[in-house]
>>> print(open('coords.cif').read())   # mmCIF, C-alpha atoms and all ligand atoms
data_protein
#
loop_
_atom_site.label_atom_id
_atom_site.label_comp_id
_atom_site.auth_asym_id
_atom_site.auth_seq_id
_atom_site.Cartn_x
_atom_site.Cartn_y
_atom_site.Cartn_z
CA MET V 1 -12.46 -78.51 -23.82
CA LYS V 2 -13.49 -75.01 -22.71
CA LEU V 3 -13.67 -72.31 -25.37
CA LEU V 4 -13.84 -68.55 -25.02
CA VAL V 5 -15.66 -67.17 -28.04
CA THR V 6 -15.47 -63.39 -28.33
CA GLY V 7 -18.20 -61.67 -30.34
CA GLY V 8 -20.35 -64.80 -30.15
CA ALA V 9 -23.56 -62.78 -30.44
CA GLY V 10 -22.58 -61.41 -33.86
CA PHE V 11 -23.11 -62.95 -37.28
CA ILE V 12 -20.18 -65.36 -37.64
CA GLY V 13 -19.68 -65.81 -33.89
CA SER V 14 -23.26 -67.00 -33.30
CA ASN V 15 -23.12 -69.35 -36.29
CA PHE V 16 -19.87 -70.69 -34.83
CA VAL V 17 -21.44 -71.30 -31.39
CA HIS V 18 -24.30 -73.25 -33.03
CA TYR V 19 -21.86 -75.16 -35.22
CA TRP V 20 -19.61 -76.01 -32.27
CA PHE V 21 -22.37 -77.38 -30.02
CA LYS V 22 -23.72 -79.44 -32.93
CA ASN V 23 -20.32 -81.00 -33.57
CA HIS V 24 -18.72 -80.94 -30.09
CA PRO V 25 -21.69 -81.15 -27.71
CA LYS V 26 -19.59 -81.97 -24.64
CA ASP V 27 -17.43 -78.85 -24.87
CA LEU V 28 -18.04 -75.72 -22.78
CA ILE V 29 -18.39 -72.31 -24.40
CA VAL V 30 -18.10 -68.91 -22.73
CA ASN V 31 -19.33 -66.15 -25.00
CA LEU V 32 -17.91 -62.68 -24.23
CA ASP V 33 -19.78 -59.99 -26.13
CA LYS V 34 -20.35 -56.27 -25.65
CA LEU V 35 -23.67 -56.42 -27.54
CA THR V 36 -22.98 -53.48 -29.82
CA TYR V 37 -25.57 -52.73 -32.52
CA ALA V 38 -24.30 -55.91 -34.28
CA GLY V 39 -24.59 -58.22 -31.28
CA ASN V 40 -27.93 -59.96 -30.87
CA LEU V 41 -28.76 -62.60 -28.27
CA GLU V 42 -31.78 -63.65 -30.38
CA ASN V 43 -29.20 -65.44 -32.58
CA LEU V 44 -28.48 -67.78 -29.66
CA LYS V 45 -31.99 -68.23 -28.26
CA SER V 46 -32.07 -71.99 -28.90
CA ILE V 47 -28.92 -72.67 -26.86
CA GLU V 48 -29.24 -70.18 -24.01
CA GLU V 49 -30.47 -72.91 -21.62
CA ASN V 50 -27.66 -75.29 -22.56
CA PRO V 51 -25.71 -75.89 -19.30
CA ASN V 52 -22.46 -75.97 -21.31
CA TYR V 53 -23.01 -72.40 -22.49
CA SER V 54 -22.47 -69.17 -20.57
CA PHE V 55 -22.65 -65.56 -21.60
CA ILE V 56 -20.63 -62.64 -20.27
CA HIS V 57 -21.84 -59.21 -21.28
CA GLY V 58 -18.63 -57.23 -21.52
CA ASP V 59 -16.08 -55.34 -23.57
CA ILE V 60 -12.84 -56.96 -24.73
CA CYS V 61 -11.16 -53.62 -23.92
CA ASP V 62 -11.99 -54.14 -20.22
CA SER V 63 -9.01 -56.07 -18.85
CA GLN V 64 -10.81 -57.10 -15.63
CA ILE V 65 -13.74 -58.67 -17.46
CA VAL V 66 -11.39 -60.32 -19.94
CA ASP V 67 -9.29 -61.74 -17.10
CA ARG V 68 -12.43 -63.22 -15.51
CA ALA V 69 -13.64 -64.63 -18.84
CA MET V 70 -10.25 -66.25 -19.50
CA GLN V 71 -10.31 -68.42 -16.30
CA GLY V 72 -9.87 -72.09 -17.18
CA ILE V 73 -10.05 -71.50 -20.94
CA ASP V 74 -8.28 -73.92 -23.30
CA ILE V 75 -9.03 -72.25 -26.64
CA VAL V 76 -9.86 -68.66 -27.56
CA VAL V 77 -11.69 -68.03 -30.84
CA HIS V 78 -11.58 -64.28 -31.33
CA PHE V 79 -14.36 -62.87 -33.53
CA ALA V 80 -15.23 -59.68 -31.62
CA ALA V 81 -14.64 -56.64 -33.78
CA GLU V 82 -16.19 -53.65 -35.41
CA SER V 83 -16.71 -55.23 -38.82
CA HIS V 84 -18.37 -52.86 -41.30
CA VAL V 85 -16.19 -50.86 -43.72
CA ASP V 86 -18.78 -48.10 -44.28
CA ARG V 87 -19.08 -47.47 -40.53
CA SER V 88 -15.28 -47.32 -40.26
CA ILE V 89 -15.30 -44.53 -42.84
CA ILE V 90 -17.90 -42.59 -40.83
CA ASP V 91 -15.98 -43.03 -37.54
CA PRO V 92 -12.74 -45.01 -37.27
CA SER V 93 -12.23 -44.56 -33.50
CA GLU V 94 -14.24 -47.58 -32.25
CA PHE V 95 -12.44 -49.74 -34.83
CA VAL V 96 -9.06 -48.85 -33.39
CA LYS V 97 -10.26 -49.36 -29.82
CA THR V 98 -11.98 -52.73 -30.25
CA ASN V 99 -9.97 -54.26 -33.07
CA VAL V 100 -6.49 -53.20 -31.99
CA LEU V 101 -6.57 -52.44 -28.24
CA GLY V 102 -9.20 -55.10 -27.50
CA THR V 103 -7.15 -57.76 -29.27
CA GLN V 104 -4.02 -56.78 -27.33
CA ILE V 105 -5.90 -57.03 -24.01
CA LEU V 106 -7.16 -60.51 -24.95
CA LEU V 107 -3.67 -61.58 -25.99
CA ASP V 108 -2.24 -60.48 -22.62
CA ALA V 109 -4.90 -62.43 -20.73
CA ALA V 110 -4.45 -65.49 -22.96
CA LEU V 111 -0.73 -65.43 -22.19
CA LYS V 112 -1.31 -65.00 -18.45
CA HIS V 113 -3.81 -67.89 -18.35
CA LYS V 114 -1.63 -70.09 -20.58
CA VAL V 115 -4.33 -70.94 -23.12
CA LYS V 116 -3.52 -73.82 -25.46
CA ARG V 117 -4.61 -71.92 -28.58
CA PHE V 118 -5.52 -68.37 -29.53
CA HIS V 119 -7.27 -68.38 -32.89
CA HIS V 120 -7.69 -64.96 -34.47
CA ILE V 121 -10.35 -64.32 -37.11
CA SER V 122 -9.06 -61.89 -39.71
CA THR V 123 -9.99 -60.81 -43.19
CA ASP V 124 -8.72 -60.85 -46.78
CA GLU V 125 -9.16 -57.05 -46.79
CA VAL V 126 -5.76 -56.64 -45.09
CA TYR V 127 -4.14 -57.57 -48.41
CA GLY V 128 -5.46 -54.45 -50.17
CA SER V 129 -7.00 -54.30 -53.63
CA LEU V 130 -6.44 -56.21 -56.88
CA LYS V 131 -7.10 -54.90 -60.38
CA LEU V 132 -10.21 -56.08 -62.25
CA GLU V 133 -8.19 -57.10 -65.28
CA ASP V 134 -5.77 -59.01 -63.04
CA THR V 135 -5.99 -62.77 -62.58
CA SER V 136 -3.79 -62.91 -59.47
CA LYS V 137 -5.14 -63.81 -56.03
CA PHE V 138 -4.21 -63.07 -52.43
CA ASN V 139 -2.51 -65.85 -50.51
CA GLU V 140 -0.83 -66.30 -47.12
CA ARG V 141 2.40 -64.73 -48.42
CA THR V 142 0.82 -61.58 -49.91
CA ASN V 143 2.09 -58.35 -48.33
CA TYR V 144 -0.37 -56.41 -46.21
CA ASP V 145 -1.75 -53.22 -47.81
CA PRO V 146 -4.91 -52.24 -45.91
CA ARG V 147 -6.77 -49.25 -47.38
CA SER V 148 -9.80 -48.60 -45.13
CA PRO V 149 -9.86 -47.74 -41.41
CA TYR V 150 -11.52 -51.17 -40.88
CA SER V 151 -8.86 -53.16 -42.72
CA ALA V 152 -6.06 -51.07 -41.17
CA SER V 153 -7.38 -51.91 -37.70
CA LYS V 154 -7.66 -55.61 -38.59
CA ALA V 155 -4.10 -55.55 -39.95
CA GLY V 156 -2.99 -53.98 -36.65
CA SER V 157 -4.65 -56.80 -34.73
CA ASP V 158 -3.06 -59.45 -36.97
CA TYR V 159 0.39 -57.96 -36.38
CA LEU V 160 -0.18 -58.03 -32.62
CA VAL V 161 -1.24 -61.69 -32.74
CA LYS V 162 1.91 -62.54 -34.70
CA ALA V 163 4.01 -60.46 -32.28
CA TYR V 164 2.67 -62.42 -29.28
CA TYR V 165 3.63 -65.64 -31.07
CA TYR V 166 7.17 -64.58 -31.96
CA THR V 167 7.92 -62.60 -28.79
CA TYR V 168 6.15 -64.56 -26.07
CA GLY V 169 5.51 -67.92 -27.69
CA LEU V 170 1.69 -67.67 -27.42
CA PRO V 171 0.27 -70.61 -29.44
CA VAL V 172 -1.65 -68.69 -32.10
CA THR V 173 -3.26 -69.39 -35.46
CA ILE V 174 -4.81 -66.82 -37.79
CA SER V 175 -7.36 -67.17 -40.57
CA ASN V 176 -7.92 -64.50 -43.22
CA CYS V 177 -11.30 -65.20 -44.76
CA SER V 178 -13.35 -63.59 -47.48
CA ASN V 179 -16.89 -62.12 -47.42
CA ASN V 180 -19.19 -64.35 -45.38
CA PHE V 181 -22.92 -64.71 -46.02
CA GLY V 182 -25.68 -66.75 -44.41
CA PRO V 183 -28.18 -66.65 -41.52
CA TYR V 184 -28.06 -63.94 -38.81
CA GLN V 185 -26.01 -61.46 -40.83
CA PHE V 186 -26.71 -57.90 -39.77
CA PRO V 187 -28.48 -56.34 -42.79
CA GLU V 188 -25.81 -53.70 -43.42
CA LYS V 189 -23.64 -55.97 -45.60
CA LEU V 190 -24.32 -56.41 -49.33
CA ILE V 191 -26.15 -59.77 -49.45
CA SER V 192 -28.20 -59.43 -46.24
CA LEU V 193 -29.05 -55.81 -47.06
CA ALA V 194 -30.11 -56.68 -50.62
CA ILE V 195 -32.32 -59.61 -49.59
CA THR V 196 -34.06 -57.70 -46.78
CA ASN V 197 -34.54 -54.53 -48.88
CA LEU V 198 -36.06 -56.58 -51.70
CA LEU V 199 -38.35 -58.42 -49.27
CA GLU V 200 -39.59 -54.98 -48.18
CA ASN V 201 -39.96 -53.90 -51.85
CA LYS V 202 -37.18 -51.33 -51.42
CA LYS V 203 -34.40 -50.51 -53.85
CA VAL V 204 -30.93 -52.00 -53.45
CA PRO V 205 -28.10 -49.43 -53.35
CA VAL V 206 -25.26 -50.31 -55.74
CA TYR V 207 -22.00 -48.48 -55.10
CA GLY V 208 -20.27 -46.98 -58.16
CA ASP V 209 -20.46 -49.11 -61.33
CA GLY V 210 -21.28 -52.29 -59.38
CA LEU V 211 -18.40 -54.15 -61.01
CA TYR V 212 -16.49 -54.61 -57.74
CA VAL V 213 -15.45 -58.18 -57.00
CA ARG V 214 -15.38 -60.05 -53.70
CA ASP V 215 -14.81 -63.70 -52.81
CA TRP V 216 -17.86 -65.20 -51.05
CA LEU V 217 -17.83 -67.80 -48.28
CA TYR V 218 -20.89 -69.44 -46.71
CA VAL V 219 -20.67 -68.95 -42.94
CA GLU V 220 -21.02 -72.66 -42.09
CA ASP V 221 -18.15 -73.51 -44.43
CA HIS V 222 -16.16 -70.88 -42.56
CA CYS V 223 -17.00 -72.50 -39.20
CA ARG V 224 -15.88 -75.91 -40.49
CA ALA V 225 -12.61 -74.37 -41.61
CA ILE V 226 -11.98 -72.85 -38.17
CA ASP V 227 -12.73 -76.25 -36.58
CA LEU V 228 -10.13 -77.91 -38.83
CA ILE V 229 -7.55 -75.23 -38.03
CA LEU V 230 -8.15 -75.79 -34.31
CA GLN V 231 -7.80 -79.57 -34.72
CA LYS V 232 -5.03 -79.82 -37.30
CA GLY V 233 -3.61 -76.35 -38.00
CA LYS V 234 0.02 -75.58 -37.28
CA ILE V 235 0.85 -73.12 -34.48
CA GLY V 236 2.04 -69.76 -35.79
CA GLN V 237 0.46 -70.31 -39.21
CA THR V 238 -2.01 -68.28 -41.23
CA TYR V 239 -4.73 -69.88 -43.38
CA CYS V 240 -6.69 -68.10 -46.12
CA ILE V 241 -10.33 -69.24 -46.34
CA GLY V 242 -12.35 -68.42 -49.45
CA GLY V 243 -15.38 -69.86 -51.19
CA LEU V 244 -15.05 -69.16 -54.91
CA THR V 245 -12.70 -70.14 -57.71
CA GLU V 246 -13.90 -67.55 -60.24
CA ASP V 247 -14.63 -63.83 -60.00
CA LEU V 248 -18.23 -62.78 -59.34
CA ASN V 249 -19.05 -59.07 -59.32
CA ASN V 250 -21.62 -57.31 -57.15
CA ILE V 251 -24.12 -56.78 -59.97
CA SER V 252 -24.09 -60.49 -60.89
CA ILE V 253 -24.82 -61.42 -57.27
CA LEU V 254 -27.61 -58.89 -56.98
CA LYS V 255 -29.20 -60.16 -60.21
CA LYS V 256 -29.14 -63.70 -58.79
CA ILE V 257 -30.89 -62.52 -55.61
CA ILE V 258 -33.45 -60.56 -57.64
CA LYS V 259 -34.20 -63.68 -59.69
CA LEU V 260 -34.52 -65.89 -56.60
CA LEU V 261 -37.03 -63.43 -55.14
CA GLY V 262 -38.91 -62.90 -58.39
CA LYS V 263 -38.23 -59.14 -58.36
CA SER V 264 -37.31 -56.72 -61.16
CA GLU V 265 -33.82 -55.48 -62.01
CA GLU V 266 -35.28 -51.99 -61.72
CA SER V 267 -34.85 -52.53 -57.98
CA LEU V 268 -31.16 -51.75 -58.43
CA GLU V 269 -30.24 -48.15 -57.66
CA TYR V 270 -26.78 -46.87 -58.52
CA VAL V 271 -25.56 -44.60 -55.71
CA LYS V 272 -22.36 -42.72 -54.95
CA ASP V 273 -19.31 -44.90 -54.52
CA ARG V 274 -17.63 -45.87 -51.24
CA PRO V 275 -14.50 -43.73 -50.69
CA GLY V 276 -11.33 -45.79 -51.28
CA HIS V 277 -13.47 -48.72 -52.48
CA ASP V 278 -11.25 -51.79 -53.00
CA ARG V 279 -11.83 -52.96 -56.59
CA ARG V 280 -11.28 -56.69 -56.39
CA TYR V 281 -10.59 -59.36 -53.79
CA ALA V 282 -9.73 -62.90 -54.87
CA LEU V 283 -8.38 -65.51 -52.52
CA ASP V 284 -6.23 -68.55 -53.15
CA TRP V 285 -7.38 -71.06 -50.54
CA SER V 286 -5.23 -73.97 -51.75
CA LYS V 287 -3.16 -74.08 -48.51
CA ILE V 288 -6.10 -75.02 -46.29
CA LYS V 289 -7.40 -77.36 -49.00
CA ASN V 290 -4.09 -79.19 -49.47
CA GLU V 291 -2.87 -79.19 -45.85
CA LEU V 292 -6.11 -79.61 -43.89
CA GLY V 293 -8.45 -81.11 -46.52
CA TRP V 294 -11.01 -78.30 -46.35
CA GLN V 295 -13.26 -77.10 -49.15
CA PRO V 296 -16.73 -75.54 -49.36
CA LEU V 297 -19.56 -78.09 -49.08
CA HIS V 298 -21.72 -76.55 -51.82
CA ASN V 299 -21.33 -74.00 -54.59
CA PHE V 300 -22.24 -70.31 -54.29
CA ASP V 301 -25.64 -70.58 -56.04
CA GLU V 302 -26.83 -73.35 -53.72
CA TRP V 303 -25.71 -71.49 -50.59
CA LEU V 304 -27.24 -68.25 -51.89
CA GLU V 305 -30.62 -69.91 -52.45
CA LYS V 306 -30.49 -71.38 -48.93
CA THR V 307 -29.60 -67.95 -47.52
CA VAL V 308 -32.45 -66.21 -49.36
CA GLY V 309 -34.75 -68.92 -47.96
CA TRP V 310 -33.55 -68.24 -44.41
CA TYR V 311 -34.34 -64.52 -44.65
CA LYS V 312 -37.76 -65.30 -46.12
CA GLU V 313 -38.52 -67.66 -43.22
CA ASN V 314 -37.09 -65.43 -40.47
CA ARG V 315 -38.74 -62.08 -41.20
CA GLN V 316 -39.25 -61.26 -37.53
CA TRP V 317 -35.53 -61.64 -36.83
CA TRP V 318 -34.48 -59.05 -39.39
CA LYS V 319 -37.51 -56.80 -38.93
CA ASN V 320 -36.53 -56.45 -35.23
CA VAL V 321 -32.98 -55.60 -36.26
CA ARG V 322 -33.95 -53.09 -38.96
CA ASN V 323 -35.27 -50.48 -36.56
CA GLY V 324 -33.91 -47.88 -34.13
CA GLU V 325 -30.15 -47.53 -34.56
CA TYR V 326 -30.34 -49.26 -37.94
CA GLN V 327 -32.66 -46.61 -39.37
CA THR V 328 -30.38 -43.80 -38.14
CA TYR V 329 -27.36 -45.48 -39.71
CA TYR V 330 -29.23 -46.27 -42.95
CA GLU V 331 -30.31 -42.66 -43.41
CA LYS V 332 -26.81 -41.37 -42.71
CA GLN V 333 -25.30 -43.83 -45.20
CA TYR V 334 -27.93 -43.84 -47.97
CA GLY V 335 -30.16 -40.82 -47.34
CA THR V 336 -33.94 -41.10 -46.92
CA ARG V 337 -34.82 -43.29 -49.86
P1 LIG A 1 -20.47 -58.65 -36.51
O1 LIG A 1 -20.31 -57.18 -36.66
O2 LIG A 1 -21.71 -59.30 -37.02
O3 LIG A 1 -20.34 -59.07 -34.98
C1 LIG A 1 -19.34 -58.55 -34.15
C2 LIG A 1 -19.66 -58.99 -32.72
O4 LIG A 1 -18.61 -58.50 -31.87
C3 LIG A 1 -20.98 -58.44 -32.18
O5 LIG A 1 -21.68 -59.42 -31.47
C4 LIG A 1 -20.54 -57.31 -31.26
O6 LIG A 1 -21.46 -57.06 -30.21
C5 LIG A 1 -19.22 -57.86 -30.75
N1 LIG A 1 -18.30 -56.79 -30.29
C6 LIG A 1 -17.99 -55.66 -30.95
N2 LIG A 1 -17.16 -54.91 -30.21
C7 LIG A 1 -16.94 -55.60 -29.06
C8 LIG A 1 -16.15 -55.37 -27.90
N3 LIG A 1 -15.44 -54.24 -27.76
N4 LIG A 1 -16.15 -56.29 -26.92
C9 LIG A 1 -16.88 -57.43 -27.04
N5 LIG A 1 -17.65 -57.70 -28.11
C10 LIG A 1 -17.67 -56.80 -29.11
O7 LIG A 1 -19.17 -59.27 -37.18
P2 LIG A 1 -19.01 -60.58 -38.07
O8 LIG A 1 -19.39 -60.25 -39.45
O9 LIG A 1 -19.61 -61.70 -37.37
O10 LIG A 1 -17.41 -60.72 -38.04
C11 LIG A 1 -16.77 -61.46 -37.01
C12 LIG A 1 -15.27 -61.39 -37.22
O11 LIG A 1 -14.95 -61.90 -38.51
C13 LIG A 1 -14.69 -59.99 -37.18
O12 LIG A 1 -13.44 -60.06 -36.53
C14 LIG A 1 -14.52 -59.60 -38.64
O13 LIG A 1 -13.46 -58.70 -38.80
C15 LIG A 1 -14.17 -60.95 -39.23
N6 LIG A 1 -14.52 -61.11 -40.63
C16 LIG A 1 -15.82 -60.93 -41.02
C17 LIG A 1 -16.15 -61.16 -42.36
C18 LIG A 1 -17.56 -61.00 -42.86
O14 LIG A 1 -17.78 -61.11 -44.07
N7 LIG A 1 -18.54 -60.75 -42.02
C19 LIG A 1 -15.16 -61.55 -43.28
C20 LIG A 1 -13.85 -61.67 -42.82
C21 LIG A 1 -13.55 -61.47 -41.50
O1 LIG A 2 -13.59 -59.36 -47.40
C1 LIG A 2 -13.96 -59.63 -46.07
C2 LIG A 2 -14.75 -58.46 -45.53
O2 LIG A 2 -16.02 -58.52 -46.14
C3 LIG A 2 -14.92 -58.48 -44.02
O3 LIG A 2 -13.65 -58.36 -43.42
C4 LIG A 2 -15.83 -57.36 -43.54
O4 LIG A 2 -16.07 -57.49 -42.15
C5 LIG A 2 -17.14 -57.46 -44.28
O5 LIG A 2 -17.94 -56.36 -43.95
C6 LIG A 2 -16.91 -57.49 -45.79
O6 LIG A 2 -16.43 -56.22 -46.28
P1 LIG A 2 -16.93 -55.62 -47.68
O7 LIG A 2 -16.75 -54.17 -47.65
O8 LIG A 2 -16.36 -56.37 -48.82
O9 LIG A 2 -18.50 -56.04 -47.57
P2 LIG A 2 -19.82 -55.22 -47.88
O10 LIG A 2 -20.94 -56.20 -47.77
O11 LIG A 2 -19.92 -53.97 -47.11
O12 LIG A 2 -19.64 -54.85 -49.42
C7 LIG A 2 -19.49 -55.86 -50.40
C8 LIG A 2 -19.43 -55.19 -51.75
O13 LIG A 2 -20.71 -54.63 -52.05
C9 LIG A 2 -18.45 -54.04 -51.82
O14 LIG A 2 -17.92 -53.96 -53.13
C10 LIG A 2 -19.32 -52.81 -51.57
C11 LIG A 2 -20.64 -53.19 -52.21
N1 LIG A 2 -21.86 -52.62 -51.62
C12 LIG A 2 -22.04 -52.77 -50.27
C13 LIG A 2 -23.16 -52.25 -49.66
C14 LIG A 2 -23.35 -52.38 -48.17
C15 LIG A 2 -22.80 -51.99 -52.41
O15 LIG A 2 -22.65 -51.90 -53.66
N2 LIG A 2 -23.92 -51.48 -51.81
C16 LIG A 2 -24.13 -51.56 -50.46
O16 LIG A 2 -25.17 -51.04 -49.98
#
>>> encode(input="coords.cif", output="structure tokens", more="lines below")
Ligand code: NAD
Ligand code: DAU
Amino acid sequence: MKLLVTGGAGFIGSNFVHYWFKNHPKDLIVNLDKLTYAGNLENLKSIEENPNYSFIHGDICDSQIVDRAMQGIDIVVHFAAESHVDRSIIDPSEFVKTNVLGTQILLDAALKHKVKRFHHISTDEVYGSLKLEDTSKFNERTNYDPRSPYSASKAGSDYLVKAYYYTYGLPVTISNCSNNFGPYQFPEKLISLAITNLLENKKVPVYGDGLYVRDWLYVEDHCRAIDLILQKGKIGQTYCIGGLTEDLNNISILKKIIKLLGKSEESLEYVKDRPGHDRRYALDWSKIKNELGWQPLHNFDEWLEKTVGWYKENRQWWKNVRNGEYQTYYEKQYGTR
């Protein structure tokens, strides 16, 4: 089997490449990545000499490069995207280009090259925002209601994937997953930012009242879910992938991280809220559990401890990342604290 992984140098994409070679060592992987600020070939250092792996440095919006990358491909796993909500609020334009136009260019090439499967990685954010006092959850039948430029661009890409299935018969599957955490996450997202700030004895910025709720999914559990969808998922179907069964707010997570690192709760610093901040995400992942037999391997606390351990042991990885462009972004987003 030959896979085209887009965005394979990013957080989830690189974890997926490692996961895939561990579990399907005979398969071939082509990784197409533009290496934006979030793409990092250090994530793939240990497999770069693997003869079954090749890397193409390119943009999914470039139809010539995409056409070349698509030669002989059986399965596309499409991760490449601009992925950070706060950056989409600062400048939505790259989000529309990569997430919407880039996806359409990939879909065209996948159709032309008659791939056997196009799997699109989407997000639970396309479903909008739930109320804190609510007990309902998003599921595969929930109407789309994206509220940030990021989630609007992901919704646009999801609609295009569905359109290529209905209109042209492209064999697609889609997964809408919740907030991932784990190794190699760019330290702009809540958990990776909190751990790395605390390891540098810096404060952790908490947006608004800190009572916002997300569902949390360990990245390796996510990769296993994608594998199952590729093996057993039904063409044209969407699968929601989440990790929790009960709500957990941002403050509770940050207090867990603080405890694991032996720091003080005075490290928390309440800062101005994110504009249009979605209050609560909760995901019903019973479809993938009942139909494909997937569930997370461990609970949140165990995965969180393992994740904190990874950042403690891989200081050089995140220290290299937290310079240059990162500092400029950090100061723009949080000021010079
Ligand atoms: P990331 O930001 O860590 O990595 C994105 C990767 O895509 C980078 O390697 C980057 O260089 C590459 N890329 C960006 N624009 C590109 C372009 N035009 N052409 C080629 N490559 C390009 O993202 P992530 O957190 O790993 O997310 C991967 C996917 O999963 C995204 O589609 C995201 O929307 C989705 N998702 C992420 C999460 C999460 O919690 N991280 C949750 C749900 C869904
Ligand atoms: O739900 C899936 C989505 O999860 C993915 O589609 C996105 O790619 C991914 O970035 C993530 O989006 P969120 O906006 O939920 O993640 P983020 O880590 O940015 O924020 C998580 C929560 O923490 C949210 O309520 C905002 C809050 N937060 C975040 C940061 C970066 C803070 O309080 N302080 C911060 O500094």
>>> atom_distance(input="coords.cif", atom1="atom C13 of ligand LIG 2 (chain A)", atom2="atom CA of V:Asn249")
12.5 Å
>>> residues_near_ligand(input="coords.cif", ligand="ligand LIG 2 (chain A)", cutoff="8 Å", atoms="all atoms listed in the file", output="PDB file with C-alpha atoms, keeping the file's coordinate frame")
ATOM      1  CA  GLU V  82     -16.190 -53.650 -35.410  1.00  0.00           C
ATOM      2  CA  SER V  83     -16.710 -55.230 -38.820  1.00  0.00           C
ATOM      3  CA  HIS V  84     -18.370 -52.860 -41.300  1.00  0.00           C
ATOM      4  CA  VAL V  85     -16.190 -50.860 -43.720  1.00  0.00           C
ATOM      5  CA  ASP V  86     -18.780 -48.100 -44.280  1.00  0.00           C
ATOM      6  CA  SER V 122      -9.060 -61.890 -39.710  1.00  0.00           C
ATOM      7  CA  THR V 123      -9.990 -60.810 -43.190  1.00  0.00           C
ATOM      8  CA  ASP V 124      -8.720 -60.850 -46.780  1.00  0.00           C
ATOM      9  CA  GLU V 125      -9.160 -57.050 -46.790  1.00  0.00           C
ATOM     10  CA  TYR V 150     -11.520 -51.170 -40.880  1.00  0.00           C
ATOM     11  CA  SER V 151      -8.860 -53.160 -42.720  1.00  0.00           C
ATOM     12  CA  CYS V 177     -11.300 -65.200 -44.760  1.00  0.00           C
ATOM     13  CA  SER V 178     -13.350 -63.590 -47.480  1.00  0.00           C
ATOM     14  CA  ASN V 179     -16.890 -62.120 -47.420  1.00  0.00           C
ATOM     15  CA  ASN V 180     -19.190 -64.350 -45.380  1.00  0.00           C
ATOM     16  CA  GLU V 188     -25.810 -53.700 -43.420  1.00  0.00           C
ATOM     17  CA  LYS V 189     -23.640 -55.970 -45.600  1.00  0.00           C
ATOM     18  CA  LEU V 190     -24.320 -56.410 -49.330  1.00  0.00           C
ATOM     19  CA  ILE V 191     -26.150 -59.770 -49.450  1.00  0.00           C
ATOM     20  CA  LEU V 193     -29.050 -55.810 -47.060  1.00  0.00           C
ATOM     21  CA  ALA V 194     -30.110 -56.680 -50.620  1.00  0.00           C
ATOM     22  CA  VAL V 204     -30.930 -52.000 -53.450  1.00  0.00           C
ATOM     23  CA  PRO V 205     -28.100 -49.430 -53.350  1.00  0.00           C
ATOM     24  CA  VAL V 206     -25.260 -50.310 -55.740  1.00  0.00           C
ATOM     25  CA  TYR V 207     -22.000 -48.480 -55.100  1.00  0.00           C
ATOM     26  CA  GLY V 208     -20.270 -46.980 -58.160  1.00  0.00           C
ATOM     27  CA  GLY V 210     -21.280 -52.290 -59.380  1.00  0.00           C
ATOM     28  CA  LEU V 211     -18.400 -54.150 -61.010  1.00  0.00           C
ATOM     29  CA  TYR V 212     -16.490 -54.610 -57.740  1.00  0.00           C
ATOM     30  CA  VAL V 213     -15.450 -58.180 -57.000  1.00  0.00           C
ATOM     31  CA  ARG V 214     -15.380 -60.050 -53.700  1.00  0.00           C
ATOM     32  CA  ASP V 215     -14.810 -63.700 -52.810  1.00  0.00           C
ATOM     33  CA  ASN V 250     -21.620 -57.310 -57.150  1.00  0.00           C
ATOM     34  CA  ASP V 273     -19.310 -44.900 -54.520  1.00  0.00           C
ATOM     35  CA  ARG V 274     -17.630 -45.870 -51.240  1.00  0.00           C
ATOM     36  CA  HIS V 277     -13.470 -48.720 -52.480  1.00  0.00           C
ATOM     37  CA  ASP V 278     -11.250 -51.790 -53.000  1.00  0.00           C
ATOM     38  CA  ARG V 279     -11.830 -52.960 -56.590  1.00  0.00           C
ATOM     39  CA  ARG V 280     -11.280 -56.690 -56.390  1.00  0.00           C
ATOM     40  CA  TYR V 281     -10.590 -59.360 -53.790  1.00  0.00           C
ATOM     41  CA  TYR V 334     -27.930 -43.840 -47.970  1.00  0.00           C
TER      42      TYR V 334
END
>>> closest_atom_pairs(input="coords.cif", of="chain V", to="ligand LIG 1 (chain A)", cutoff="6 Å", atoms="all atoms listed in the file", output="tab-separated table")
residue	atom	partner	partner_atom	distance
V:Gly7	CA	A:LIG1	O4	3.5
V:Gly8	CA	A:LIG1	O5	5.7
V:Ala9	CA	A:LIG1	O5	4.0
V:Gly10	CA	A:LIG1	O5	3.2
V:Phe11	CA	A:LIG1	O9	3.7
V:Ile12	CA	A:LIG1	O9	3.7
V:Gly13	CA	A:LIG1	O9	5.4
V:Asp33	CA	A:LIG1	N5	3.7
V:Lys34	CA	A:LIG1	C9	3.9
V:Leu35	CA	A:LIG1	O6	3.5
V:Thr36	CA	A:LIG1	O6	3.9
V:Ala38	CA	A:LIG1	C3	4.7
V:Gly39	CA	A:LIG1	O5	3.2
V:Gly58	CA	A:LIG1	C9	5.8
V:Asp59	CA	A:LIG1	N4	3.5
V:Ile60	CA	A:LIG1	N4	4.0
V:Cys61	CA	A:LIG1	N3	5.8
V:Phe79	CA	A:LIG1	C12	4.1
V:Ala80	CA	A:LIG1	O4	3.6
V:Ala81	CA	A:LIG1	C6	4.5
V:Glu82	CA	A:LIG1	C6	5.2
V:Ser83	CA	A:LIG1	O1	4.6
V:Thr98	CA	A:LIG1	N3	4.5
V:Ile121	CA	A:LIG1	O12	5.3
V:Ser122	CA	A:LIG1	C21	4.9
V:Thr123	CA	A:LIG1	C20	4.0
V:Cys177	CA	A:LIG1	C20	4.8
V:Ser178	CA	A:LIG1	C19	5.0
V:Asn179	CA	A:LIG1	O14	3.6
V:Asn180	CA	A:LIG1	O14	3.8
V:Phe186	CA	A:LIG1	O2	5.9
